[in-house]
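A.B. asks: What follows is a single structure, and I will ask about it in a moment.
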Amino acid sequence: MINTKIIEIDPSKLEEGNLEEEAKIKECSEIIKKGGTVAFPTETVYGLGANGLDPFSIKKIYEAKGRPSDNPLILHVASIDEVKPLVKEIPEVGFKLMKTFWPGPLTLVMEKSEVIPREITAGLDTVAIRMPEHPIARGLIEASGVPIAAPSANRSGKPSPTKAEHVIEDLSARVDAIISGGSSNVGLESTVLDITVEPPVILRPGGITKEMLEQVIAVVSTDPALEKDHQDLVPRSPGMKYTHYAPKADVVIVKGSDEGVIAKINGLVAELTAEGKNAGIISTEETKAQYSGGLVKSIGRRNDVNEIASNLFTILREFDETNVEVIFTEAIEETGLGKAIMNRLLKAAGYRLIEAI
Ligand code: AMP
Ligand code: MG
């Protein structure tokens, strides 16, 4: 058992150069420098950080999360210059992408250099690196003076945390400090892009969409193992093979026309209720009034994919607090950020998807 310090930092005050907030960042960076663990907000989700160049610090992350040791971590840097010593070379396309999307939710996989401990990469020859935008994340990395290894700050198997309360729930007494700094506004993890191959391959869809990448580099492919119909393939990103985001209830996605989906879900909920079981529904603002039974939670407005992304993990955690046994969710259109949302929903559902006619 560790005595976990909860440290509240206001990101906007920090950006204004408030000395009190800067002192709290300094305190957290001392913990990192001494080999400890600090959970902190980023714009994607909360991360659990430790000195990314120190194998003992890195091991603490795996222990606190209960993370399988074959699932590599992302290294977080505060500037493009810090990347050079961590990799063999930065491919031409890498510079272009960093200049366009950093700081932001894009992680780049490159050939690793000798300074990277094998504990980070789980034995792979490549390393995943990202420069976050969140002022607390950047402040902490700068003050620590080392790249920070940081996977999502949840216990393995739980949805990624987008609020400090989620982290406190999962990691209290397991880490040295948790920075409470508001909600993560993207709400989904970063896009992981392998740039060691030509054309680059999306290993995990996320905050930076395929469409956005294609405006900078003409051709981008996606790991076919991520598609629903290719469950026989092994994903190239080790983390994607695990059933992350799995809530306690079974999740079923229902896809089709609006009327078809609503009628199908209402029918399935009625059947379950008749069996004495508790059903939950993930609806949108526009459809929530049309469900006649079950516990309905709206994920946001149809045309606001950012709002839907930022609510997804919170809703899955909220259902864990209820006695709902099956959650039916409307499918989200798979364009732009919708691709990443559906990827997480499909994983939560163990790929159970029903077509409504
Ligand atoms: P998390 O930070 O918990 O969201 O997980 C990081 C994700 O990045 C996991 O899915 C990892 O498998 C993936 N990842 C990290 N390093 C690499 C790498 N070198 N090659 C491919 N995927 C990686
Ligand atoms: Mg994770």
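Note on naming: chains are A, B, ... as they come in the structure tokens, residues start from 1 per chain, ligands start from 1 in the order shown.
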Collect all residues with atoms no farther than 9 Å from ligand 1, counting only C-alpha atoms and all ligand atoms, and output them as a VMD selection string.
C.D. replies: chain A and resid 45 47 to 48 67 70 to 75 107 to 112 120 to 129 149 to 154 156 160 188 to 194 203 to 204 236 to 242
A.B. asks: Keeping only C-alpha atoms, take the residues you just selected and write them out as a tab-separated table (two decimals), in the first residue's frame.
C.D. replies:
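Done, and the output landed in out30.tsv:
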```tsv
chain	number	residue	atom	x	y	z
A	45	VAL	CA	-7.09	10.54	-21.23
A	47	GLY	CA	-1.83	8.92	-17.97
A	48	LEU	CA	0.19	7.11	-15.31
A	67	ARG	CA	-0.74	-4.41	-17.11
A	70	ASP	CA	3.97	-7.73	-23.30
A	71	ASN	CA	2.05	-4.47	-23.80
A	72	PRO	CA	4.51	-1.62	-24.53
A	73	LEU	CA	4.20	1.95	-23.20
A	74	ILE	CA	4.12	5.32	-24.95
A	75	LEU	CA	6.94	7.79	-24.19
A	107	THR	CA	1.66	8.74	-31.31
A	108	LEU	CA	4.42	7.81	-33.74
A	109	VAL	CA	6.10	4.39	-33.77
A	110	MET	CA	9.78	4.55	-34.85
A	111	GLU	CA	12.91	2.35	-34.64
A	112	LYS	CA	14.22	2.69	-31.07
A	120	ILE	CA	9.17	0.39	-22.36
A	121	THR	CA	8.89	-1.50	-25.62
A	122	ALA	CA	8.10	-4.93	-24.17
A	123	GLY	CA	11.03	-6.28	-26.18
A	124	LEU	CA	10.06	-4.69	-29.54
A	125	ASP	CA	12.67	-2.89	-31.70
A	126	THR	CA	10.33	0.08	-32.07
A	127	VAL	CA	9.25	2.78	-29.63
A	128	ALA	CA	6.01	4.80	-29.52
A	129	ILE	CA	6.41	8.55	-28.84
A	149	ALA	CA	6.44	6.74	-19.93
A	150	ALA	CA	2.68	6.93	-19.50
A	151	PRO	CA	-0.03	4.47	-20.42
A	152	SER	CA	-3.63	5.30	-19.55
A	153	ALA	CA	-4.06	5.62	-15.76
A	154	ASN	CA	-6.69	2.88	-15.34
A	156	SER	CA	-5.90	-2.95	-16.88
A	160	SER	CA	-9.43	4.64	-19.79
A	188	LEU	CA	-10.24	8.89	-26.40
A	189	GLU	CA	-6.65	7.67	-26.54
A	190	SER	CA	-4.17	8.91	-29.16
A	191	THR	CA	-3.93	7.56	-32.68
A	192	VAL	CA	-0.95	5.16	-32.90
A	193	LEU	CA	0.75	5.39	-36.33
A	194	ASP	CA	3.63	3.13	-37.42
A	203	LEU	CA	-2.28	0.62	-35.41
A	204	ARG	CA	-4.92	2.24	-33.19
A	236	ARG	CA	0.38	-5.22	-34.79
A	237	SER	CA	-0.07	-3.04	-31.73
A	238	PRO	CA	0.13	-5.49	-28.81
A	239	GLY	CA	-2.38	-3.51	-26.72
A	240	MET	CA	-5.14	-3.90	-29.31
A	241	LYS	CA	-5.48	-7.64	-28.72
A	242	TYR	CA	-6.74	-7.19	-25.18
```
A.B. asks: Got a sec: who's within 10 Å of Ser292 (chain A), counting only C-alpha atoms, leaving out chain neighbours fewer than 3 positions off, as a PDB file with N, CA, C and O atoms, in the first residue's frame?
C.D. replies:
```pdb
ATOM      1  N   ILE A 262     -34.031   1.926 -33.097  1.00  0.00           N
ATOM      2  CA  ILE A 262     -34.865   2.200 -31.911  1.00  0.00           C
ATOM      3  C   ILE A 262     -35.842   1.040 -31.677  1.00  0.00           C
ATOM      4  O   ILE A 262     -35.971   0.538 -30.553  1.00  0.00           O
ATOM      5  N   ALA A 263     -36.485   0.582 -32.770  1.00  0.00           N
ATOM      6  CA  ALA A 263     -37.458  -0.513 -32.636  1.00  0.00           C
ATOM      7  C   ALA A 263     -36.766  -1.782 -32.159  1.00  0.00           C
ATOM      8  O   ALA A 263     -37.254  -2.492 -31.268  1.00  0.00           O
ATOM      9  N   ILE A 265     -33.899  -2.096 -30.456  1.00  0.00           N
ATOM     10  CA  ILE A 265     -33.457  -1.997 -29.058  1.00  0.00           C
ATOM     11  C   ILE A 265     -34.658  -2.089 -28.128  1.00  0.00           C
ATOM     12  O   ILE A 265     -34.627  -2.822 -27.120  1.00  0.00           O
ATOM     13  N   ASN A 266     -35.766  -1.398 -28.465  1.00  0.00           N
ATOM     14  CA  ASN A 266     -36.958  -1.485 -27.606  1.00  0.00           C
ATOM     15  C   ASN A 266     -37.430  -2.931 -27.477  1.00  0.00           C
ATOM     16  O   ASN A 266     -37.795  -3.380 -26.386  1.00  0.00           O
ATOM     17  N   GLY A 267     -37.388  -3.678 -28.601  1.00  0.00           N
ATOM     18  CA  GLY A 267     -37.803  -5.084 -28.575  1.00  0.00           C
ATOM     19  C   GLY A 267     -36.884  -5.925 -27.696  1.00  0.00           C
ATOM     20  O   GLY A 267     -37.351  -6.716 -26.861  1.00  0.00           O
ATOM     21  N   VAL A 269     -34.925  -4.917 -25.259  1.00  0.00           N
ATOM     22  CA  VAL A 269     -35.053  -4.516 -23.855  1.00  0.00           C
ATOM     23  C   VAL A 269     -36.312  -5.157 -23.255  1.00  0.00           C
ATOM     24  O   VAL A 269     -36.278  -5.670 -22.126  1.00  0.00           O
ATOM     25  N   ALA A 270     -37.406  -5.150 -24.026  1.00  0.00           N
ATOM     26  CA  ALA A 270     -38.659  -5.751 -23.527  1.00  0.00           C
ATOM     27  C   ALA A 270     -38.456  -7.237 -23.230  1.00  0.00           C
ATOM     28  O   ALA A 270     -38.897  -7.742 -22.190  1.00  0.00           O
ATOM     29  N   LYS A 288     -33.106   9.744 -27.253  1.00  0.00           N
ATOM     30  CA  LYS A 288     -33.293   9.228 -25.886  1.00  0.00           C
ATOM     31  C   LYS A 288     -34.757   9.109 -25.460  1.00  0.00           C
ATOM     32  O   LYS A 288     -35.096   8.195 -24.706  1.00  0.00           O
ATOM     33  N   ALA A 289     -35.614  10.005 -25.972  1.00  0.00           N
ATOM     34  CA  ALA A 289     -37.017   9.997 -25.528  1.00  0.00           C
ATOM     35  C   ALA A 289     -37.799   8.852 -26.163  1.00  0.00           C
ATOM     36  O   ALA A 289     -38.932   8.566 -25.766  1.00  0.00           O
ATOM     37  N   LEU A 295     -32.529   1.422 -18.552  1.00  0.00           N
ATOM     38  CA  LEU A 295     -31.860   2.624 -18.034  1.00  0.00           C
ATOM     39  C   LEU A 295     -31.181   3.311 -19.211  1.00  0.00           C
ATOM     40  O   LEU A 295     -30.231   2.775 -19.782  1.00  0.00           O
ATOM     41  N   VAL A 296     -31.688   4.501 -19.588  1.00  0.00           N
ATOM     42  CA  VAL A 296     -31.192   5.185 -20.786  1.00  0.00           C
ATOM     43  C   VAL A 296     -30.167   6.251 -20.401  1.00  0.00           C
ATOM     44  O   VAL A 296     -30.418   7.071 -19.525  1.00  0.00           O
TER      45      VAL A 296
END
```
A.B. asks: Env of Thr335 (chain A): 12 Å cut, atoms = only C-alpha atoms, seq-sep filter 4 positions within chain, self excluded. Answer as a ChimeraX atom specification.
C.D. replies: /A:205-206,208-212,303,305,331,339-343
A.B. asks: Tell me, which residues of region 159-313 of chain A carry DSSP helix (DSSP H, G or I), written as a ChimeraX atom specification?
C.D. replies: /A:164-171,210-214,224-226,228-230,238-241,258-274,288-290,305-313
A.B. asks: Restrict the selected residues to N, CA and C atoms and save them as a short mmCIF file (atom, residue, chain, number, x, y, z; two decimals), in the first residue's frame.
C.D. replies:
```
data_model
loop_
_atom_site.label_atom_id
_atom_site.label_comp_id
_atom_site.auth_asym_id
_atom_site.auth_seq_id
_atom_site.Cartn_x
_atom_site.Cartn_y
_atom_site.Cartn_z
N ALA A 164 -10.23 12.86 -12.98
CA ALA A 164 -9.39 12.47 -11.85
C ALA A 164 -10.10 11.43 -10.97
N GLU A 165 -11.44 11.55 -10.83
CA GLU A 165 -12.17 10.58 -9.97
C GLU A 165 -11.98 9.15 -10.47
N HIS A 166 -11.93 8.99 -11.80
CA HIS A 166 -11.73 7.64 -12.36
C HIS A 166 -10.38 7.09 -11.91
N VAL A 167 -9.36 7.96 -11.92
CA VAL A 167 -8.01 7.51 -11.57
C VAL A 167 -7.96 7.18 -10.07
N ILE A 168 -8.60 8.04 -9.27
CA ILE A 168 -8.60 7.82 -7.82
C ILE A 168 -9.26 6.47 -7.51
N GLU A 169 -10.37 6.19 -8.22
CA GLU A 169 -11.08 4.93 -8.06
C GLU A 169 -10.17 3.72 -8.36
N ASP A 170 -9.39 3.84 -9.44
CA ASP A 170 -8.60 2.70 -9.91
C ASP A 170 -7.23 2.58 -9.22
N LEU A 171 -6.59 3.71 -8.92
CA LEU A 171 -5.16 3.64 -8.56
C LEU A 171 -4.80 4.17 -7.16
N LYS A 210 -7.88 9.39 -39.72
CA LYS A 210 -7.22 9.00 -40.98
C LYS A 210 -7.33 10.14 -42.00
N GLU A 211 -8.50 10.76 -42.03
CA GLU A 211 -8.73 11.88 -42.97
C GLU A 211 -7.74 13.02 -42.70
N MET A 212 -7.50 13.32 -41.41
CA MET A 212 -6.56 14.39 -41.06
C MET A 212 -5.14 14.02 -41.48
N LEU A 213 -4.76 12.76 -41.26
CA LEU A 213 -3.42 12.30 -41.63
C LEU A 213 -3.23 12.38 -43.14
N GLU A 214 -4.29 12.02 -43.88
CA GLU A 214 -4.19 11.99 -45.34
C GLU A 214 -4.03 13.38 -45.97
N PRO A 224 -5.35 -4.23 -40.77
CA PRO A 224 -6.60 -4.96 -41.05
C PRO A 224 -7.13 -5.74 -39.85
N ALA A 225 -6.25 -6.04 -38.89
CA ALA A 225 -6.69 -6.80 -37.71
C ALA A 225 -7.69 -6.02 -36.86
N LEU A 226 -7.80 -4.70 -37.11
CA LEU A 226 -8.73 -3.89 -36.31
C LEU A 226 -10.16 -4.02 -36.80
N LYS A 228 -13.76 -5.56 -37.84
CA LYS A 228 -14.65 -6.52 -37.19
C LYS A 228 -14.55 -7.91 -37.84
N ASP A 229 -14.39 -7.94 -39.16
CA ASP A 229 -14.38 -9.22 -39.87
C ASP A 229 -13.03 -9.91 -39.87
N HIS A 230 -12.03 -9.33 -39.20
CA HIS A 230 -10.70 -9.93 -39.19
C HIS A 230 -10.23 -10.29 -37.81
N PRO A 238 0.47 -4.44 -29.78
CA PRO A 238 0.13 -5.49 -28.81
C PRO A 238 -1.10 -5.18 -27.96
N GLY A 239 -1.27 -3.89 -27.60
CA GLY A 239 -2.38 -3.51 -26.72
C GLY A 239 -3.75 -3.76 -27.34
N MET A 240 -3.84 -3.79 -28.66
CA MET A 240 -5.14 -3.90 -29.31
C MET A 240 -5.73 -5.31 -29.21
N LYS A 241 -4.92 -6.28 -28.79
CA LYS A 241 -5.48 -7.64 -28.72
C LYS A 241 -6.25 -7.86 -27.42
N ASP A 258 -32.37 4.86 -38.20
CA ASP A 258 -32.77 5.35 -36.88
C ASP A 258 -33.97 4.59 -36.33
N GLU A 259 -35.03 4.51 -37.16
CA GLU A 259 -36.27 3.86 -36.69
C GLU A 259 -36.01 2.38 -36.41
N GLY A 260 -35.22 1.76 -37.31
CA GLY A 260 -34.91 0.33 -37.16
C GLY A 260 -34.18 0.07 -35.85
N VAL A 261 -33.17 0.90 -35.56
CA VAL A 261 -32.35 0.71 -34.36
C VAL A 261 -33.21 0.88 -33.10
N ILE A 262 -34.03 1.93 -33.10
CA ILE A 262 -34.86 2.20 -31.91
C ILE A 262 -35.84 1.04 -31.68
N ALA A 263 -36.48 0.58 -32.77
CA ALA A 263 -37.46 -0.51 -32.64
C ALA A 263 -36.77 -1.78 -32.16
N LYS A 264 -35.59 -2.06 -32.73
CA LYS A 264 -34.85 -3.28 -32.36
C LYS A 264 -34.46 -3.23 -30.88
N ILE A 265 -33.90 -2.10 -30.46
CA ILE A 265 -33.46 -2.00 -29.06
C ILE A 265 -34.66 -2.09 -28.13
N ASN A 266 -35.77 -1.40 -28.47
CA ASN A 266 -36.96 -1.49 -27.61
C ASN A 266 -37.43 -2.93 -27.48
N GLY A 267 -37.39 -3.68 -28.60
CA GLY A 267 -37.80 -5.08 -28.57
C GLY A 267 -36.88 -5.93 -27.70
N LEU A 268 -35.58 -5.74 -27.85
CA LEU A 268 -34.61 -6.53 -27.07
C LEU A 268 -34.71 -6.20 -25.58
N VAL A 269 -34.92 -4.92 -25.26
CA VAL A 269 -35.05 -4.52 -23.85
C VAL A 269 -36.31 -5.16 -23.26
N ALA A 270 -37.41 -5.15 -24.03
CA ALA A 270 -38.66 -5.75 -23.53
C ALA A 270 -38.46 -7.24 -23.23
N GLU A 271 -37.76 -7.93 -24.13
CA GLU A 271 -37.49 -9.37 -23.93
C GLU A 271 -36.69 -9.60 -22.65
N LEU A 272 -35.64 -8.80 -22.47
CA LEU A 272 -34.79 -8.95 -21.27
C LEU A 272 -35.57 -8.68 -20.00
N THR A 273 -36.36 -7.59 -20.04
CA THR A 273 -37.14 -7.20 -18.87
C THR A 273 -38.10 -8.32 -18.50
N ALA A 274 -38.70 -8.95 -19.53
CA ALA A 274 -39.62 -10.06 -19.27
C ALA A 274 -38.91 -11.23 -18.59
N LYS A 288 -33.11 9.74 -27.25
CA LYS A 288 -33.29 9.23 -25.89
C LYS A 288 -34.76 9.11 -25.46
N ALA A 289 -35.61 10.01 -25.97
CA ALA A 289 -37.02 10.00 -25.53
C ALA A 289 -37.80 8.85 -26.16
N GLN A 290 -37.18 8.18 -27.15
CA GLN A 290 -37.95 7.17 -27.88
C GLN A 290 -37.78 5.75 -27.35
N VAL A 305 -19.48 14.76 -32.77
CA VAL A 305 -18.71 13.55 -32.55
C VAL A 305 -17.68 13.76 -31.42
N ASN A 306 -17.24 15.00 -31.23
CA ASN A 306 -16.28 15.28 -30.14
C ASN A 306 -16.94 15.07 -28.77
N GLU A 307 -18.20 15.51 -28.68
CA GLU A 307 -18.93 15.34 -27.42
C GLU A 307 -19.14 13.84 -27.13
N ILE A 308 -19.48 13.08 -28.17
CA ILE A 308 -19.69 11.64 -28.01
C ILE A 308 -18.39 10.98 -27.53
N ALA A 309 -17.27 11.35 -28.17
CA ALA A 309 -15.97 10.77 -27.79
C ALA A 309 -15.66 11.09 -26.33
N SER A 310 -15.92 12.32 -25.92
CA SER A 310 -15.50 12.68 -24.55
C SER A 310 -16.42 12.07 -23.50
N ASN A 311 -17.62 11.61 -23.88
CA ASN A 311 -18.52 11.00 -22.89
C ASN A 311 -18.43 9.49 -22.80
N LEU A 312 -17.84 8.84 -23.82
CA LEU A 312 -17.93 7.38 -23.93
C LEU A 312 -17.42 6.64 -22.68
N PHE A 313 -16.19 6.92 -22.26
CA PHE A 313 -15.62 6.14 -21.15
C PHE A 313 -16.33 6.44 -19.82
#
```
A.B. asks: Let me make sure I understand: among A:Gly35, A:Gly104, A:Gly350, A:Gly293, which one has the smallest atom-to-atom distance to Ala137 (chain A) if we use only C-alpha atoms?
C.D. replies: A:Gly104
A.B. asks: Can you pull out every residue within 8 Å of Leu140 (chain A), counting only C-alpha atoms, but drop anything in the same chain fewer than 6 positions away, and send it as a compact mmCIF listing (two decimals) with C-alpha atoms, in the first residue's frame?
C.D. replies:
```txt
# COMPACT_ATOMS: atom_id res chain seq x y z
CA ILE A 25 4.27 20.70 -10.86
CA LYS A 26 7.79 20.92 -9.44
CA CYS A 28 5.39 16.12 -8.87
CA SER A 29 8.50 16.25 -11.05
```
A.B. asks: In Å to one decimal, how far is CA of Leu353 (chain A) from CA of Val326 (chain A)?
C.D. replies: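 These two atoms are separated by 13.2 Å.
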A.B. asks: Could you give me, as a tab-separated table (two decimals) with C-alpha atoms, in the first residue's frame, the residues within 10 Å of Asp54 (chain A), counting only C-alpha atoms and dropping anything in the same chain fewer than 5 positions from it?
C.D. replies:
```
chain	number	residue	atom	x	y	z
A	33	LYS	CA	13.01	12.11	-10.69
A	35	GLY	CA	11.73	7.00	-9.44
A	59	LYS	CA	8.11	-1.62	-13.68
A	115	VAL	CA	18.86	4.47	-24.67
A	116	ILE	CA	15.36	2.99	-24.59
A	117	PRO	CA	14.95	0.34	-21.90
A	119	GLU	CA	10.70	-2.47	-20.32
A	120	ILE	CA	9.17	0.39	-22.36
A	146	VAL	CA	13.22	13.11	-18.88
A	148	ILE	CA	7.80	10.23	-19.27
A	149	ALA	CA	6.44	6.74	-19.93
```
A.B. asks: State, in Å with one decimal place, the distance from CA of Glu22 (chain A) to CA of Pro135 (chain A).
C.D. replies: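 According to the coordinates, CA of Glu22 (chain A) and CA of Pro135 (chain A) are separated by 10.8 Å.
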A.B. asks: For Glu8 (chain A), list every protein, DNA or RNA residue within 8 Å, evaluated using only C-alpha atoms, and leave out those in the same chain fewer than 4 positions away; present the list as a PDB file with C-alpha atoms, in the first residue's frame.
C.D. replies:
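Output below, filename out-v4.pdb:
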```pdb
ATOM      1  CA  ILE A 179      -2.839  15.193 -10.218  1.00  0.00           C
ATOM      2  CA  SER A 180      -6.467  16.285 -10.306  1.00  0.00           C
ATOM      3  CA  GLY A 181      -6.672  18.726 -13.215  1.00  0.00           C
TER       4      GLY A 181
END
```
A.B. asks: Within region 111-244 of chain A, find each residue whose DSSP state, derived from the backbone, is strand (DSSP E), and express the selection as a list in words.
C.D. replies: Glu111, Thr126, Val127, Ala128, Ile129, Arg130, Ile148, Ala149, Ala177, Ile178, Ile179, Ser180, Thr191, Val192, Leu193, Asp194, Val201, Ile202, Leu203, Arg204, Ser221 and Thr222 of chain A
A.B. asks: Pick out the residues sitting within 10 Å of Ile315 (chain A), and hand them over as a list in words; count only C-alpha atoms, and ignore anything fewer than 6 positions along from it in its own chain.
C.D. replies: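 Residues meeting the cut-off are Pro159, Pro247, Ile282, Lys297, Ser298 and Ile299 of chain A.
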A.B. asks: When distances are computed from only C-alpha atoms, which of A:Ser12, A:Ser257, A:Ser183, A:Thr222 shows the smallest separation from Lys163 (chain A)?
C.D. replies: A:Ser183
A.B. asks: Grab the CA of Gly17 (chain A) to CA of Ala143 (chain A) distance for me, in Å with one decimal place.
C.D. replies: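 According to the coordinates, CA of Gly17 (chain A) and CA of Ala143 (chain A) are separated by 13.7 Å.
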A.B. asks: Tell me which of A:Asp250, A:Glu89, A:Asp304, A:Glu63 sits closest to Glu325 (chain A), counting only C-alpha atoms.
C.D. replies: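 When distances to Glu325 (chain A) are compared using only C-alpha atoms, the smallest one comes from A:Asp250.
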A.B. asks: Here is a test: counting only C-alpha atoms, which residue of A:Glu198, A:Glu30, A:Glu333, A:Glu43 is nearest to Glu142 (chain A)?
C.D. replies: A:Glu30
A.B. asks: Let me make sure I understand: among A:Ser113, A:Thr287, A:Ser69, A:Thr4, which one has the smallest atom-to-atom distance to Lys88 (chain A) if we use only C-alpha atoms?
C.D. replies: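 Among A:Ser113, A:Thr287, A:Ser69, A:Thr4, it is A:Ser113 that comes nearest to Lys88 (chain A).
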